[in-house]
>>> print(open('coords.txt').read())   # compact mmCIF, C-alpha atoms
# COMPACT_ATOMS: atom_id res chain seq x y z
CA MET A 1 68.78 83.11 93.23
CA ALA A 2 71.41 85.70 92.33
CA ARG A 3 73.16 87.14 95.34
CA SER A 4 73.42 90.95 95.52
CA ILE A 5 76.72 92.64 96.37
CA ASP A 6 75.13 93.93 99.58
CA GLU A 7 74.78 90.33 100.72
CA VAL A 8 78.51 89.75 100.29
CA GLU A 9 80.97 90.86 102.98
CA ILE A 10 84.75 91.02 103.01
CA GLY A 11 85.92 87.99 104.98
CA ASP A 12 82.99 85.79 103.91
CA GLU A 13 84.06 82.18 103.61
CA ILE A 14 83.49 80.12 100.47
CA GLY A 15 83.30 76.35 100.87
CA PRO A 16 84.87 74.20 102.09
CA ILE A 17 84.07 71.64 99.40
CA VAL A 18 85.88 68.30 99.67
CA HIS A 19 86.83 66.41 96.50
CA VAL A 20 88.70 63.17 96.00
CA PRO A 21 90.05 63.13 92.43
CA THR A 22 90.43 59.40 91.93
CA ALA A 23 92.33 57.66 89.13
CA ALA A 24 88.95 57.06 87.41
CA ILE A 25 88.12 60.79 87.51
CA VAL A 26 91.57 61.68 86.16
CA GLN A 27 91.13 59.10 83.38
CA ARG A 28 87.74 60.57 82.40
CA TYR A 29 89.16 64.11 82.43
CA ALA A 30 92.24 63.06 80.44
CA ALA A 31 90.03 61.44 77.80
CA ILE A 32 87.80 64.49 77.45
CA VAL A 33 90.65 66.99 77.15
CA GLN A 34 92.64 64.55 74.98
CA MET A 35 95.56 64.59 77.37
CA ILE A 36 98.63 63.04 75.81
CA ASP A 37 100.97 63.40 78.80
CA ARG A 38 101.09 59.90 80.35
CA ARG A 39 102.58 61.12 83.66
CA PHE A 40 99.02 61.76 84.83
CA LEU A 41 98.00 58.15 84.24
CA ASP A 42 100.98 55.82 84.02
CA PRO A 43 103.04 55.11 87.20
CA GLU A 44 106.18 54.25 85.22
CA VAL A 45 106.07 57.46 83.18
CA ALA A 46 105.29 59.47 86.30
CA HIS A 47 108.35 58.01 88.05
CA ARG A 48 110.60 58.72 85.07
CA ARG A 49 109.35 62.31 85.06
CA GLY A 50 110.22 62.90 88.71
CA PHE A 51 107.03 61.92 90.57
CA THR A 52 106.50 59.12 93.06
CA SER A 53 103.15 58.25 91.42
CA PRO A 54 100.71 59.62 88.81
CA ILE A 55 99.37 63.05 89.70
CA VAL A 56 96.15 64.98 89.26
CA PRO A 57 96.48 67.49 86.39
CA GLY A 58 96.66 71.03 87.77
CA PRO A 59 93.86 72.28 85.49
CA LEU A 60 91.53 69.61 86.95
CA SER A 61 92.20 70.89 90.50
CA ALA A 62 91.75 74.44 89.22
CA THR A 63 88.43 73.43 87.63
CA LEU A 64 87.20 72.32 91.08
CA LEU A 65 88.03 75.78 92.45
CA THR A 66 86.19 77.60 89.64
CA GLN A 67 83.20 75.29 90.14
CA MET A 68 83.13 76.20 93.84
CA LEU A 69 83.18 79.93 93.03
CA VAL A 70 80.47 79.79 90.35
CA ASP A 71 78.23 77.63 92.58
CA HIS A 72 78.77 79.92 95.59
CA PHE A 73 77.89 83.07 93.64
CA PRO A 74 74.91 82.23 91.39
CA GLY A 75 74.25 85.05 88.94
CA TRP A 76 77.94 86.00 88.89
CA ARG A 77 80.66 85.07 86.40
CA LEU A 78 84.41 84.81 86.60
CA ARG A 79 86.19 87.85 85.19
CA THR A 80 89.72 86.74 86.08
CA PHE A 81 91.19 83.60 87.61
CA ASN A 82 94.87 83.35 88.53
CA VAL A 83 96.15 80.09 89.88
CA SER A 84 99.51 78.60 90.90
CA PHE A 85 100.18 74.89 91.23
CA ARG A 86 102.40 74.63 94.30
CA SER A 87 102.70 70.89 94.89
CA PRO A 88 101.55 67.73 93.13
CA VAL A 89 98.34 65.97 94.18
CA LYS A 90 98.28 62.18 93.96
CA HIS A 91 95.31 60.21 92.64
CA GLY A 92 92.80 59.55 95.40
CA GLU A 93 94.22 62.27 97.64
CA GLN A 94 91.59 64.41 99.40
CA LEU A 95 91.47 68.02 98.23
CA THR A 96 89.61 70.57 100.31
CA CYS A 97 88.67 73.65 98.29
CA TRP A 98 87.87 76.87 100.09
CA GLY A 99 88.09 80.59 99.64
CA THR A 100 87.63 84.00 101.23
CA VAL A 101 86.16 87.24 99.93
CA THR A 102 88.95 89.83 100.09
CA GLU A 103 87.37 92.89 98.45
CA LYS A 104 84.14 94.16 96.92
CA SER A 105 83.51 97.21 94.79
CA GLU A 106 81.35 98.59 91.99
CA PRO A 107 83.73 100.08 89.39
CA GLU A 108 81.72 101.78 86.62
CA GLY A 109 78.56 100.42 88.22
CA ILE A 110 79.58 96.76 87.79
CA ALA A 111 79.38 94.80 91.03
CA THR A 112 82.73 93.08 91.56
CA ILE A 113 84.03 90.62 94.18
CA HIS A 114 87.66 89.62 94.77
CA CYS A 115 88.45 86.25 96.36
CA ASP A 116 91.42 84.16 97.45
CA VAL A 117 91.07 80.44 96.81
CA VAL A 118 92.97 77.38 98.01
CA ALA A 119 92.93 73.64 97.33
CA GLU A 120 94.53 71.93 100.31
CA THR A 121 95.52 68.30 100.87
CA ALA A 122 94.55 66.32 103.97
CA GLN A 123 98.09 67.00 105.24
CA GLY A 124 97.36 70.72 105.13
CA GLU A 125 99.60 71.37 102.13
CA ARG A 126 98.30 74.11 99.85
CA ALA A 127 98.56 72.34 96.52
CA VAL A 128 96.82 75.07 94.54
CA ILE A 129 96.43 78.73 95.47
CA GLY A 130 94.83 81.49 93.50
CA THR A 131 92.81 84.64 93.25
CA ALA A 132 89.61 85.38 91.36
CA ILE A 133 87.52 88.36 90.42
CA LEU A 134 83.81 87.80 89.83
CA GLN A 135 81.32 90.19 88.28
CA ARG A 136 77.53 90.12 88.18
CA ARG A 137 76.30 88.48 85.00
CA MET A 138 74.93 91.38 82.97
CA PRO A 139 71.68 91.08 81.00
CA ARG A 140 72.46 90.24 77.36
CA ASN A 141 70.63 91.49 74.28
CA MET B 1 118.21 73.76 80.75
CA ILE B 2 116.00 75.44 78.10
CA LYS B 3 117.02 75.87 74.48
CA VAL B 4 114.94 78.44 72.69
CA ASP B 5 115.22 80.00 69.25
CA PRO B 6 115.02 83.76 69.93
CA ASP B 7 112.97 84.17 66.76
CA LEU B 8 110.15 82.22 68.44
CA LEU B 9 109.66 84.84 71.16
CA GLY B 10 106.56 86.93 70.52
CA LYS B 11 105.65 85.07 67.32
CA GLU B 12 102.00 84.09 67.09
CA PHE B 13 101.10 80.47 66.25
CA PRO B 14 97.61 79.40 65.16
CA LEU B 15 96.10 76.65 67.30
CA GLY B 16 93.00 76.28 65.14
CA THR B 17 89.34 77.14 64.88
CA PHE B 18 86.97 75.21 67.10
CA ALA B 19 83.21 74.85 66.77
CA ILE B 20 81.88 74.16 70.26
CA THR B 21 78.86 71.93 70.63
CA ALA B 22 76.49 71.34 73.52
CA GLN B 23 77.72 67.72 73.48
CA ASP B 24 81.34 68.88 73.97
CA ILE B 25 80.27 70.92 76.99
CA ARG B 26 78.13 68.11 78.42
CA ALA B 27 81.01 65.62 78.12
CA PHE B 28 83.35 68.00 79.95
CA VAL B 29 81.01 68.92 82.80
CA GLU B 30 79.98 65.30 83.34
CA ALA B 31 83.66 64.29 83.51
CA VAL B 32 84.42 66.90 86.19
CA GLY B 33 81.04 66.63 87.98
CA ASP B 34 80.04 70.26 87.40
CA LEU B 35 76.31 70.05 86.63
CA ASN B 36 75.36 73.74 86.61
CA PRO B 37 72.17 74.05 84.48
CA LEU B 38 73.72 76.92 82.50
CA TYR B 39 76.04 74.28 81.04
CA LEU B 40 73.38 71.64 80.39
CA ASP B 41 69.93 73.15 79.91
CA PRO B 42 69.41 75.41 76.85
CA ALA B 43 66.24 76.88 78.41
CA VAL B 44 68.16 78.03 81.51
CA ALA B 45 70.93 79.45 79.31
CA ARG B 46 68.36 81.26 77.14
CA ASP B 47 66.73 82.74 80.27
CA ALA B 48 70.17 84.16 81.11
CA GLY B 49 70.36 85.70 77.64
CA TYR B 50 72.57 83.18 75.85
CA PRO B 51 71.60 81.56 72.55
CA ASP B 52 72.54 78.09 73.90
CA VAL B 53 74.31 76.45 76.81
CA ILE B 54 77.62 78.00 77.87
CA ALA B 55 80.88 76.30 78.86
CA PRO B 56 82.35 76.42 82.37
CA PRO B 57 85.39 78.71 82.72
CA LEU B 58 88.19 76.16 82.36
CA PHE B 59 86.61 74.30 79.45
CA CYS B 60 88.75 76.72 77.43
CA LEU B 61 91.94 74.85 78.38
CA GLN B 62 91.05 72.04 76.03
CA LEU B 63 90.90 74.44 73.07
CA ARG B 64 94.60 75.19 73.36
CA GLY B 65 95.24 71.47 73.23
CA GLU B 66 97.54 69.38 75.32
CA ARG B 67 100.62 70.26 73.26
CA ARG B 68 102.30 73.41 74.52
CA LEU B 69 102.86 75.46 71.38
CA PRO B 70 105.24 76.81 70.38
CA GLU B 71 107.30 73.89 71.64
CA VAL B 72 110.55 74.61 73.44
CA GLU B 73 113.36 72.07 73.61
CA LEU B 74 114.51 71.01 77.09
CA GLU B 75 117.98 69.67 77.78
CA PRO B 76 118.02 65.89 78.36
CA GLY B 77 117.07 64.86 81.89
CA PHE B 78 114.97 67.90 82.69
CA VAL B 79 111.24 67.65 83.34
CA SER B 80 108.47 70.20 83.09
CA LEU B 81 105.57 71.06 85.38
CA ASN B 82 102.53 73.24 84.97
CA GLY B 83 103.30 76.26 87.15
CA GLY B 84 99.95 77.97 86.81
CA GLN B 85 97.58 79.99 84.71
CA ASP B 86 96.27 83.54 84.69
CA LEU B 87 93.00 83.87 82.81
CA GLU B 88 90.92 86.86 81.79
CA PHE B 89 87.34 86.11 80.76
CA TYR B 90 85.71 88.77 78.60
CA ASP B 91 82.72 86.62 77.68
CA ASP B 92 81.48 83.03 77.97
CA LEU B 93 82.14 80.31 75.42
CA CYS B 94 78.77 79.30 74.00
CA ALA B 95 77.60 76.15 72.20
CA GLY B 96 76.99 76.61 68.49
CA GLN B 97 79.76 79.21 68.15
CA ALA B 98 83.19 78.89 66.57
CA TYR B 99 86.32 80.26 68.21
CA THR B 100 89.87 80.73 66.98
CA ALA B 101 92.86 80.22 69.28
CA THR B 102 96.41 81.49 68.87
CA ALA B 103 99.44 81.03 71.10
CA LYS B 104 102.73 82.80 71.52
CA LEU B 105 105.87 82.40 73.56
CA ALA B 106 105.96 85.45 75.81
CA GLU B 107 108.99 84.89 78.07
CA VAL B 108 111.68 82.33 78.85
CA TYR B 109 113.93 82.73 81.88
CA GLU B 110 115.77 80.82 84.60
CA LYS B 111 115.77 81.41 88.35
CA THR B 112 116.56 79.63 91.61
CA GLY B 113 113.52 78.03 93.21
CA ARG B 114 112.96 76.17 96.50
CA SER B 115 114.39 72.97 95.04
CA GLY B 116 117.23 74.49 93.00
CA PRO B 117 117.55 75.94 89.51
CA LEU B 118 114.27 76.38 87.70
CA GLY B 119 113.41 77.35 84.14
CA VAL B 120 110.21 79.21 83.37
CA ILE B 121 108.47 79.28 79.99
CA VAL B 122 105.54 81.68 79.68
CA ARG B 123 103.02 81.28 76.87
CA GLU B 124 100.00 83.41 76.05
CA VAL B 125 96.86 82.05 74.42
CA ALA B 126 94.09 84.22 73.00
CA ILE B 127 90.67 82.80 72.13
CA LYS B 128 88.60 84.99 69.83
CA ASP B 129 85.06 84.76 68.53
CA ALA B 130 83.99 84.86 64.88
CA ASP B 131 83.99 88.69 65.00
CA GLY B 132 87.61 88.75 66.17
CA ARG B 133 86.76 89.82 69.73
CA THR B 134 88.91 88.34 72.47
CA VAL B 135 86.72 86.11 74.63
CA ILE B 136 89.46 84.62 76.82
CA PHE B 137 93.10 85.55 77.30
CA MET B 138 95.39 83.17 79.15
CA ARG B 139 98.97 83.31 80.38
CA GLU B 140 100.49 79.95 81.34
CA ARG B 141 103.71 79.17 83.19
CA GLN B 142 105.59 75.96 82.41
CA MET B 143 108.30 75.24 85.00
CA VAL B 144 111.38 73.17 84.11
CA ARG B 145 113.55 71.45 86.69
CA SER B 146 115.83 68.51 87.36
CA PRO B 147 113.96 65.25 88.11
CA GLU B 148 116.43 64.18 90.84
CA LYS B 149 114.15 65.16 93.71
CA LYS B 150 111.04 63.01 93.51
CA LEU B 151 107.81 64.91 94.23
>>> encode(input="coords.txt", output="structure tokens")
Amino acid sequence: MARSIDEVEIGDEIGPIVHVPTAAIVQRYAAIVQMIDRRFLDPEVAHRRGFTSPIVPGPLSATLLTQMLVDHFPGWRLRTFNVSFRSPVKHGEQLTCWGTVTEKSEPEGIATIHCDVVAETAQGERAVIGTAILQRRMPRN
Amino acid sequence: MIKVDPDLLGKEFPLGTFAITAQDIRAFVEAVGDLNPLYLDPAVARDAGYPDVIAPPLFCLQLRGERRLPEVELEPGFVSLNGGQDLEFYDDLCAGQAYTATAKLAEVYEKTGRSGPLGVIVREVAIKDADGRTVIFMRERQMVRSPEKKL
């Protein structure tokens, strides 16, 4: 059921949703997106490239954040999504995704929500931070 | 740490034309565990006004490919990291449609980060539909640093 903008308040919490991107998940993602960079899969390459072990690709962590937003706001779509990868996430490391509604408005009659989003490790390190703007999905012809 | 031909800055490079299928979308969403019916069930997508299933937002990253074009040469010993992405979504990518992607090198600069000198390469990718309308615009930051400090 689509949520109306009146049901959304500034400060509303989104999530938390806990994910554990394992090596198997990274391998599946790498195969689908035809990832050629072996640092995400091969410990030796990762070490040569400055990492202690293979890491989770940033776009995979970012995908988990967009999934959380779209699932939390059925009937809405992402209009913008800005994300920064602050620290590497190792395979099998727990990532807690959460967000907060920071603003809501209706410019030109289009219901719009602004959110901050975070993907945090079990150690409390903010591995991925970002902002998003969502708009109500408009009826299409 | 970054060697760049100034002629590359601002020049547009074609990444290709991509026909997206429902199978492509299904493979992606199953890999990431995102089973929203808009991505999987044509009837649900049609009820929402789409001709077929749509792709989740970051499906678009696979259209620009894993190679970062245009390529920029790094000095030996330096490594690169994905710094982040800024995306603008003007419409959804839909199965059964073809899209054309282009990339350009927008900025290259160096600065001092938390762990020392850092190079930043900014690329822009535009994904357009068959009518030439921009569907997604993306700005990506590739960070370049010394590998001495293990992360």
>>> closest_residue(input="coords.txt", among="B:Leu40, B:Val144, B:Ile121, B:Ile127", to="chain A", atoms="all atoms listed in the file")
B:Val144
>>> interface_residues(input="coords.txt", of="chain B", to="chain A", cutoff="9 Å", atoms="only C-alpha atoms", output="PyMOL selection string")
chain B and resi 24+27-28+31-34+36+48-50+56-59+61-63+65-67+77-92+141+146-151
>>> atom_distance(input="coords.txt", atom1="CA of Gly11 (chain A)", atom2="CA of Val56 (chain A)")
29.7 Å
>>> atom_distance(input="coords.txt", atom1="CA of Leu95 (chain A)", atom2="CA of Gly119 (chain B)")
27.7 Å
>>> residues_around(input="coords.txt", residues="Ile14 (chain A)", least_positions_apart="5", cutoff="9 Å", atoms="only C-alpha atoms", output="PDB file with C-alpha atoms, in the coordinates of the input")
ATOM      1  CA  MET A  68      83.130  76.200  93.840  1.00  0.00           C
ATOM      2  CA  LEU A  69      83.180  79.930  93.030  1.00  0.00           C
ATOM      3  CA  HIS A  72      78.770  79.920  95.590  1.00  0.00           C
ATOM      4  CA  CYS A  97      88.670  73.650  98.290  1.00  0.00           C
ATOM      5  CA  TRP A  98      87.870  76.870 100.090  1.00  0.00           C
ATOM      6  CA  GLY A  99      88.090  80.590  99.640  1.00  0.00           C
ATOM      7  CA  THR A 100      87.630  84.000 101.230  1.00  0.00           C
ATOM      8  CA  VAL A 101      86.160  87.240  99.930  1.00  0.00           C
ATOM      9  CA  CYS A 115      88.450  86.250  96.360  1.00  0.00           C
ATOM     10  CA  VAL A 117      91.070  80.440  96.810  1.00  0.00           C
TER      11      VAL A 117
END
>>> residues_around(input="coords.txt", residues="region 5-12 of chain B", least_positions_apart="2", cutoff="8 Å", atoms="all atoms listed in the file", output="short mmCIF file (atom, residue, chain, number, x, y, z; two decimals) with C-alpha atoms, in the frame of the given file")
data_model
loop_
_atom_site.label_atom_id
_atom_site.label_comp_id
_atom_site.auth_asym_id
_atom_site.auth_seq_id
_atom_site.Cartn_x
_atom_site.Cartn_y
_atom_site.Cartn_z
CA LYS B 3 117.02 75.87 74.48
CA PRO B 14 97.61 79.40 65.16
CA PRO B 70 105.24 76.81 70.38
CA THR B 102 96.41 81.49 68.87
CA ALA B 103 99.44 81.03 71.10
CA LYS B 104 102.73 82.80 71.52
CA LEU B 105 105.87 82.40 73.56
CA ALA B 106 105.96 85.45 75.81
CA GLU B 107 108.99 84.89 78.07
#
>>> residues_near_point(input="coords.txt", point="(87.9, 57.6, 96.8)", cutoff="10 Å", atoms="only C-alpha atoms", output="list in words")
His19, Val20, Pro21, Thr22, Ala23, Ala24, Ile25, His91, Gly92, Glu93 and Gln94 of chain A
>>> residues_near_point(input="coords.txt", point="(119.1, 74.2, 81.8)", cutoff="7 Å", atoms="all atoms listed in the file", output="list in words")
Met1, Ile2, Glu75 and Gly119 of chain B
>>> write_last_selection(input="coords.txt", atoms="C-alpha atoms", output="mmCIF file, in the frame of the given file")
data_model
loop_
_atom_site.group_PDB
_atom_site.id
_atom_site.type_symbol
_atom_site.label_atom_id
_atom_site.label_comp_id
_atom_site.auth_asym_id
_atom_site.auth_seq_id
_atom_site.Cartn_x
_atom_site.Cartn_y
_atom_site.Cartn_z
ATOM 1 C CA MET B 1 118.210 73.760 80.750
ATOM 2 C CA ILE B 2 116.000 75.440 78.100
ATOM 3 C CA GLU B 75 117.980 69.670 77.780
ATOM 4 C CA GLY B 119 113.410 77.350 84.140
#
>>> atom_distance(input="coords.txt", atom1="CA of Ser4 (chain A)", atom2="CA of Ala111 (chain A)")
8.4 Å
>>> closest_residue(input="coords.txt", among="A:Ala119, A:Glu9, A:Arg3, A:Pro43", to="Lys104 (chain A)", atoms="all atoms listed in the file")
A:Glu9
